[in-house]
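Data first, discussion second: the structure below is written as structure tokens.
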Amino acid sequence: MTGRQDPRRGCFLFLGPELGEKLDALRKLRAQLPPETEETVLYAGETPPTEIGALLRNGSLFSETRFFIVKNAELFKKKDEAELLVSLIKKPPENTVLALVSEETKLDRRIEDAVPKENKKIFWELFEKDKALWLTSCFKRGGCRIDESGVRTMLEMVENNTDALGRECSRLILFLGKEKIITGDDVERCLSHTREESAFTLFAALARGRILSSLEILHSLTGARQSPQAITAALAWCFRKLGDYLALDAGDRANGVELKKIGLGSSKTRSDYAEAARRWPRAGPALALLGEYEYLLRSSGTAWEEILMDRLILRLARGMDP
């Protein structure tokens with residue numbers, strides 16, 4: 001992958017919010033290793049750096065080559081954690097590859113500086129026009145066609161990364177077949193029945209004050225190992241979008257044309273934000289609350305994450321307005 005370093009030994013750093021391309025990079029890195037390579041996925045915040053170090057330094061009984069993926073690497077912030085990781089990065093064990101992964105675009109400076117420049121990459125979120133082209137090509141590769149309204153609706157209803165978009169694209173092709181051009185109504189009808197829970201379905205439940213459903217969705221997301229930080233970031237995106245909606249509504253400009261301009265084209269999404277506007281007449285307090293809990297989550301440790309997230313969701317579902 002680097003052209004200068006043995007791909008069976010070393011550290012790689014994959015950052016940024018674009019999950020699909022990041023997963024592709026991990027797959028390509030794995031493909032350079034022997035087929036019998038032992039692969040291990042760890043999560044910062046759950047596995048202490050000392051344990052990660054011990055796992056890397058101890059050999060495997062089953063495979064000569066080992067591939068470690070450590071997710072949520074932004075949580076390594078303490079001095080002793082960073083120093084331990086730096087020592088592993090600068091002198092990696094033989095036949096061991098370590099990939100540090102994060103949805104953030106920066107890690108502790110000491111860790112970043114230790115990783116060879118050619119082994120670091122930030123995967124930025126695609127621009128809207130690029131995502132539209134990517135989706136159109138995805139359907140075309142599947143032998144199917146989708147119109148402009150279908151593309152727009154998918155971008156509104158599916159998480160903002162090519163991994164989630166690709167999964168839903170495959171489902172739609174399987175469900176609808178290749179006989180017709182897929183429209184926005186087709187997408188909305190199918191995804192409402194088949195899509196997985198996400199921070200966006202969580203926002204929709206919160207907007208309607210469905211406390212029990214909101215907590216169930218939250219626990220489904222965390223049970224699927226989605227980080228609290230990723231959930232709060234996606235909710236913040238929704239509330240910033242709510243601010244745009246409220247500004248249009250206040251100026252009596254919440255019509256179809258203007259709503260499409262801010263990415264609210266489908267009737268389902270507009271309904272979600274109309275409900276949200278009634279529950280939260282101002283987006284600022286909710287964004288401030290999310291910022292407060294973002295800080296608490298980062299400073300309190302993983303033992304408190306479940307309690308903090310439950311409290312956050314309860315406050316939001318009750319339409320808090322400090």
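Labels for the structure tokens follow display order: chains A, B, ..., residues from 1 in each chain, ligands from 1.
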
Each segment 227-313 of chain A residue no farther than 10 Å from segment 200-211 of chain A, nearest pair in Å, only C-alpha atoms, as JSON lines:
{"residue": "A:Ile231", "atom": "CA", "partner": "A:Phe200", "partner_atom": "CA", "distance": 9.1}
{"residue": "A:Ala234", "atom": "CA", "partner": "A:Phe200", "partner_atom": "CA", "distance": 7.3}
{"residue": "A:Leu235", "atom": "CA", "partner": "A:Phe203", "partner_atom": "CA", "distance": 6.6}
{"residue": "A:Ala236", "atom": "CA", "partner": "A:Phe203", "partner_atom": "CA", "distance": 9.8}
{"residue": "A:Trp237", "atom": "CA", "partner": "A:Phe200", "partner_atom": "CA", "distance": 9.4}
{"residue": "A:Cys238", "atom": "CA", "partner": "A:Phe203", "partner_atom": "CA", "distance": 7.2}
{"residue": "A:Phe239", "atom": "CA", "partner": "A:Phe203", "partner_atom": "CA", "distance": 8.7}
{"residue": "A:Lys268", "atom": "CA", "partner": "A:Ala204", "partner_atom": "CA", "distance": 9.6}
{"residue": "A:Thr269", "atom": "CA", "partner": "A:Ala204", "partner_atom": "CA", "distance": 8.5}
{"residue": "A:Ser271", "atom": "CA", "partner": "A:Ala204", "partner_atom": "CA", "distance": 9.0}
{"residue": "A:Asp272", "atom": "CA", "partner": "A:Ala204", "partner_atom": "CA", "distance": 5.5}
{"residue": "A:Tyr273", "atom": "CA", "partner": "A:Ala207", "partner_atom": "CA", "distance": 7.4}
{"residue": "A:Ala274", "atom": "CA", "partner": "A:Ala207", "partner_atom": "CA", "distance": 8.6}
{"residue": "A:Glu275", "atom": "CA", "partner": "A:Ala207", "partner_atom": "CA", "distance": 5.5}
{"residue": "A:Ala276", "atom": "CA", "partner": "A:Ala207", "partner_atom": "CA", "distance": 4.4}
{"residue": "A:Ala277", "atom": "CA", "partner": "A:Ala207", "partner_atom": "CA", "distance": 8.0}
{"residue": "A:Arg278", "atom": "CA", "partner": "A:Ala207", "partner_atom": "CA", "distance": 8.3}
{"residue": "A:Arg279", "atom": "CA", "partner": "A:Ala207", "partner_atom": "CA", "distance": 6.4}
{"residue": "A:Trp280", "atom": "CA", "partner": "A:Ala207", "partner_atom": "CA", "distance": 8.2}
{"residue": "A:Ile313", "atom": "CA", "partner": "A:Leu206", "partner_atom": "CA", "distance": 7.8}

Discussion item. List the spatial neighbours of segment 27-31 of chain A as a ChimeraX atom specification - criterion: any atom at most 12 Å away, only C-alpha atoms, same-chain residues fewer than 4 positions off excluded.
Written reply: /A:1-2,6-14,20-23,35-40,65-69,96-99,119

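In this model, the gap between atom CA of Lys241 of chain A and atom CA of Glu188 of chain A comes to 19.5 Å.
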
Discussion item. Using DSSP assignments from the backbone, pull out every residue in segment 58-281 of chain A that falls under strand (DSSP E or B) and give it to me as a PyMOL selection string.
Written reply: chain A and resi 66-71+96-101+120-122+145-146+181-182

Practice prompt. Excluding segment 139-147 of chain A and residues on its chain fewer than 3 positions from it, collect all residues at most 6 Å away from it, counting only C-alpha atoms, and give them as number ranges by chain.
Written response: A: 136, 150, 178, 181-183

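Comparing the minimum interatomic distances between Ile52 of chain A and each of A:Asp249, A:Glu18, A:Glu159, A:Glu81, counting only C-alpha atoms, we find that A:Glu81 sits nearest.
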
Worksheet item: Which is closest to Glu112 of chain A among A:Leu126, A:Leu56, A:Val41, A:Ala73, if we use only C-alpha atoms?
Response: A:Ala73

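Going from atom CA of Leu308 of chain A over to atom CA of Leu218 of chain A, you cover 11.7 Å.
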
Response to the item:
In terms of only C-alpha atoms, the residue from A:Leu215, A:Val158, A:Leu19, A:Leu174 at minimal distance from Asp310 of chain A is A:Leu215

Fill in: Two-atom distance - atom CA of Leu26 of chain A, atom CA of Lys117 of chain A (Å)
16.8 Å

Practice prompt. Quick one: everything within 12 Å of Lys131 of chain A, counting only C-alpha atoms, minus sequence neighbours fewer than 4 positions away in the same chain. Send it as a ChimeraX atom specification.
Written response: /A:18,20,124-127,135-138,151-152,154-156,158-166

Please produce a file of those selected residues containing C-alpha atoms, as a tab-separated table (two decimals), in the first residue's frame.
chain	number	residue	atom	x	y	z
A	18	GLU	CA	-16.59	8.66	4.98
A	20	GLY	CA	-17.47	3.34	2.81
A	124	TRP	CA	-13.73	13.17	3.80
A	125	GLU	CA	-17.48	13.09	3.30
A	126	LEU	CA	-18.42	13.38	-0.38
A	127	PHE	CA	-20.01	16.56	-1.69
A	135	LEU	CA	-25.51	6.60	-6.22
A	136	THR	CA	-26.44	6.74	-9.90
A	137	SER	CA	-23.35	4.69	-10.76
A	138	CYS	CA	-24.12	2.21	-7.97
A	151	VAL	CA	-31.49	9.90	-5.67
A	152	ARG	CA	-32.62	12.94	-3.69
A	154	MET	CA	-32.05	8.35	-0.73
A	155	LEU	CA	-29.67	11.14	0.24
A	156	GLU	CA	-32.28	12.44	2.66
A	158	VAL	CA	-29.88	7.24	4.41
A	159	GLU	CA	-26.83	7.98	6.52
A	160	ASN	CA	-24.26	10.26	4.96
A	161	ASN	CA	-21.63	7.71	3.87
A	162	THR	CA	-21.16	5.41	0.89
A	163	ASP	CA	-21.19	2.25	3.02
A	164	ALA	CA	-24.78	2.90	4.19
A	165	LEU	CA	-25.82	4.16	0.75
A	166	GLY	CA	-24.36	1.06	-0.93

Item to complete: Find the residues around Glu294 of chain A up to 9 Å (only C-alpha atoms counted), leave out those fewer than 3 positions away in its own chain, and share them as a PyMOL selection string.
Response: chain A and resi 228-229+232-233+289-291+297-299

Would you put the residues from that selection into a file with N, CA and C atoms, as a CSV table (one decimal), in the first residue's frame?
chain,number,residue,atom,x,y,z
A,228,PRO,N,-21.1,6.5,20.9
A,228,PRO,CA,-21.9,7.6,21.3
A,228,PRO,C,-21.6,8.9,20.6
A,229,GLN,N,-20.3,9.1,20.4
A,229,GLN,CA,-19.8,10.3,19.7
A,229,GLN,C,-20.4,10.4,18.3
A,232,THR,N,-24.1,11.3,18.7
A,232,THR,CA,-24.3,12.8,19.0
A,232,THR,C,-24.0,13.7,17.8
A,233,ALA,N,-22.9,13.3,17.1
A,233,ALA,CA,-22.6,14.1,15.9
A,233,ALA,C,-23.7,14.1,14.8
A,289,LEU,N,-27.0,21.4,24.3
A,289,LEU,CA,-27.1,20.2,25.2
A,289,LEU,C,-26.3,19.1,24.6
A,290,LEU,N,-26.3,18.9,23.3
A,290,LEU,CA,-25.5,17.9,22.6
A,290,LEU,C,-24.0,18.2,22.8
A,291,GLY,N,-23.6,19.5,22.8
A,291,GLY,CA,-22.2,19.9,23.0
A,291,GLY,C,-21.8,19.6,24.5
A,297,LEU,N,-19.2,12.9,27.7
A,297,LEU,CA,-18.9,11.5,27.2
A,297,LEU,C,-17.4,11.4,27.0
A,298,ARG,N,-16.7,12.4,26.6
A,298,ARG,CA,-15.3,12.3,26.3
A,298,ARG,C,-14.5,12.4,27.6
A,299,SER,N,-15.0,13.0,28.7
A,299,SER,CA,-14.3,13.2,29.9
A,299,SER,C,-14.6,12.2,31.0

Practice prompt. Taking the DSSP assignment computed from this structure's backbone, write out as a ChimeraX atom specification all residues of segment 146-190 of chain A that belong to helix (DSSP H, G or I).
Written response: /A:148-157,162-176,184-190

Take the residues from that selection and put them in a file with N, CA and C atoms, as a CSV table (one decimal), in the first residue's frame.
chain,number,residue,atom,x,y,z
A,148,GLU,N,-34.0,11.3,-10.6
A,148,GLU,CA,-33.5,12.4,-9.8
A,148,GLU,C,-34.2,12.4,-8.4
A,149,SER,N,-35.5,12.2,-8.4
A,149,SER,CA,-36.2,12.2,-7.1
A,149,SER,C,-35.8,11.0,-6.3
A,150,GLY,N,-35.5,9.9,-6.9
A,150,GLY,CA,-35.1,8.7,-6.1
A,150,GLY,C,-33.7,9.0,-5.5
A,151,VAL,N,-32.8,9.6,-6.2
A,151,VAL,CA,-31.5,9.9,-5.7
A,151,VAL,C,-31.6,10.9,-4.5
A,152,ARG,N,-32.4,11.9,-4.7
A,152,ARG,CA,-32.6,12.9,-3.7
A,152,ARG,C,-33.2,12.3,-2.4
A,153,THR,N,-34.2,11.5,-2.6
A,153,THR,CA,-34.8,10.9,-1.4
A,153,THR,C,-33.9,9.9,-0.7
A,154,MET,N,-33.0,9.2,-1.4
A,154,MET,CA,-32.0,8.3,-0.7
A,154,MET,C,-31.1,9.2,0.1
A,155,LEU,N,-30.6,10.3,-0.5
A,155,LEU,CA,-29.7,11.1,0.2
A,155,LEU,C,-30.3,11.8,1.5
A,156,GLU,N,-31.6,11.9,1.5
A,156,GLU,CA,-32.3,12.4,2.7
A,156,GLU,C,-32.5,11.4,3.7
A,157,MET,N,-32.8,10.1,3.3
A,157,MET,CA,-33.2,9.1,4.2
A,157,MET,C,-32.1,8.2,4.7
A,162,THR,N,-20.9,6.3,2.0
A,162,THR,CA,-21.2,5.4,0.9
A,162,THR,C,-21.4,4.0,1.3
A,163,ASP,N,-20.9,3.6,2.5
A,163,ASP,CA,-21.2,2.3,3.0
A,163,ASP,C,-22.7,2.1,3.2
A,164,ALA,N,-23.3,3.0,4.0
A,164,ALA,CA,-24.8,2.9,4.2
A,164,ALA,C,-25.6,3.0,2.9
A,165,LEU,N,-25.1,4.0,2.0
A,165,LEU,CA,-25.8,4.2,0.8
A,165,LEU,C,-25.7,2.9,-0.1
A,166,GLY,N,-24.5,2.3,-0.1
A,166,GLY,CA,-24.4,1.1,-0.9
A,166,GLY,C,-25.2,-0.1,-0.4
A,167,ARG,N,-25.4,-0.2,0.9
A,167,ARG,CA,-26.2,-1.3,1.4
A,167,ARG,C,-27.7,-1.1,1.0
A,168,GLU,N,-28.2,0.2,1.1
A,168,GLU,CA,-29.6,0.4,0.8
A,168,GLU,C,-29.8,0.3,-0.7
A,169,CYS,N,-28.8,0.7,-1.5
A,169,CYS,CA,-28.8,0.5,-3.0
A,169,CYS,C,-29.1,-1.0,-3.3
A,170,SER,N,-28.3,-1.8,-2.7
A,170,SER,CA,-28.4,-3.3,-3.0
A,170,SER,C,-29.8,-3.8,-2.6
A,171,ARG,N,-30.3,-3.3,-1.4
A,171,ARG,CA,-31.6,-3.8,-1.0
A,171,ARG,C,-32.7,-3.3,-2.0
A,172,LEU,N,-32.6,-2.1,-2.4
A,172,LEU,CA,-33.6,-1.6,-3.4
A,172,LEU,C,-33.6,-2.4,-4.7
A,173,ILE,N,-32.4,-2.7,-5.2
A,173,ILE,CA,-32.3,-3.4,-6.4
A,173,ILE,C,-32.9,-4.8,-6.2
A,174,LEU,N,-32.6,-5.4,-5.1
A,174,LEU,CA,-33.1,-6.8,-4.8
A,174,LEU,C,-34.7,-6.7,-4.6
A,175,PHE,N,-35.2,-5.7,-4.0
A,175,PHE,CA,-36.6,-5.6,-3.6
A,175,PHE,C,-37.4,-5.2,-4.9
A,176,LEU,N,-36.9,-4.3,-5.6
A,176,LEU,CA,-37.7,-3.7,-6.7
A,176,LEU,C,-37.4,-4.3,-8.1
A,184,GLY,N,-38.6,8.5,-6.3
A,184,GLY,CA,-38.5,8.9,-4.9
A,184,GLY,C,-39.6,8.2,-4.0
A,185,ASP,N,-40.8,8.0,-4.6
A,185,ASP,CA,-41.8,7.3,-3.8
A,185,ASP,C,-41.4,5.9,-3.6
A,186,ASP,N,-40.8,5.2,-4.6
A,186,ASP,CA,-40.3,3.8,-4.4
A,186,ASP,C,-39.3,3.8,-3.3
A,187,VAL,N,-38.4,4.7,-3.3
A,187,VAL,CA,-37.3,4.7,-2.3
A,187,VAL,C,-37.9,4.9,-0.9
A,188,GLU,N,-38.8,5.9,-0.7
A,188,GLU,CA,-39.4,6.2,0.6
A,188,GLU,C,-40.2,5.0,1.1
A,189,ARG,N,-41.0,4.4,0.2
A,189,ARG,CA,-41.8,3.2,0.6
A,189,ARG,C,-41.0,2.1,1.1
A,190,CYS,N,-39.9,1.7,0.3
A,190,CYS,CA,-39.1,0.6,0.6
A,190,CYS,C,-38.2,0.8,1.8

Discussion item. Please list as JSON, numbers by chain every residue within 12 Å of segment 252-256 of chain A, counting only C-alpha atoms and excluding residues in the same chain fewer than 5 positions away.
Written reply: {"A": [242, 244, 245, 246, 247, 261, 262, 263, 264, 265, 266, 267, 269, 270, 271, 273, 274, 277]}

Please write the residues from the selection above to a file, keeping N, CA and C atoms, as a CSV table (one decimal), in the first residue's frame.
chain,number,residue,atom,x,y,z
A,242,LEU,N,-32.6,21.4,11.4
A,242,LEU,CA,-33.8,21.9,12.0
A,242,LEU,C,-33.7,23.4,12.0
A,244,ASP,N,-32.2,25.4,10.0
A,244,ASP,CA,-32.5,25.9,8.6
A,244,ASP,C,-34.0,25.8,8.3
A,245,TYR,N,-34.7,24.7,8.8
A,245,TYR,CA,-36.1,24.6,8.6
A,245,TYR,C,-36.9,25.7,9.4
A,246,LEU,N,-36.5,26.0,10.6
A,246,LEU,CA,-37.1,27.0,11.4
A,246,LEU,C,-37.0,28.4,10.8
A,247,ALA,N,-35.8,28.6,10.2
A,247,ALA,CA,-35.6,29.9,9.6
A,247,ALA,C,-36.5,30.1,8.4
A,261,LYS,N,-34.2,22.8,-1.3
A,261,LYS,CA,-32.8,23.5,-1.3
A,261,LYS,C,-32.0,23.1,-0.1
A,262,ILE,N,-32.7,22.9,1.0
A,262,ILE,CA,-32.0,22.6,2.3
A,262,ILE,C,-32.0,21.0,2.5
A,263,GLY,N,-32.4,20.3,1.5
A,263,GLY,CA,-32.2,18.8,1.6
A,263,GLY,C,-33.4,18.1,2.2
A,264,LEU,N,-34.6,18.8,2.2
A,264,LEU,CA,-35.8,18.2,2.8
A,264,LEU,C,-36.8,18.0,1.6
A,265,GLY,N,-36.6,17.0,0.8
A,265,GLY,CA,-37.4,16.9,-0.4
A,265,GLY,C,-38.6,15.9,-0.2
A,266,SER,N,-38.4,14.8,0.6
A,266,SER,CA,-39.4,13.8,0.7
A,266,SER,C,-40.5,14.2,1.7
A,267,SER,N,-41.7,13.7,1.5
A,267,SER,CA,-42.8,14.0,2.4
A,267,SER,C,-42.5,13.5,3.8
A,269,THR,N,-39.5,13.1,5.3
A,269,THR,CA,-38.5,14.0,6.0
A,269,THR,C,-39.2,15.3,6.4
A,270,ARG,N,-40.0,15.9,5.5
A,270,ARG,CA,-40.6,17.1,5.9
A,270,ARG,C,-41.6,16.9,7.1
A,271,SER,N,-42.2,15.8,7.1
A,271,SER,CA,-43.1,15.5,8.3
A,271,SER,C,-42.3,15.4,9.6
A,273,TYR,N,-39.5,16.9,10.3
A,273,TYR,CA,-39.0,18.3,10.7
A,273,TYR,C,-40.1,19.2,11.1
A,274,ALA,N,-41.3,19.0,10.6
A,274,ALA,CA,-42.5,19.7,11.0
A,274,ALA,C,-42.8,19.4,12.5
A,277,ALA,N,-40.1,20.9,14.7
A,277,ALA,CA,-40.2,22.3,14.9
A,277,ALA,C,-41.2,22.6,16.0
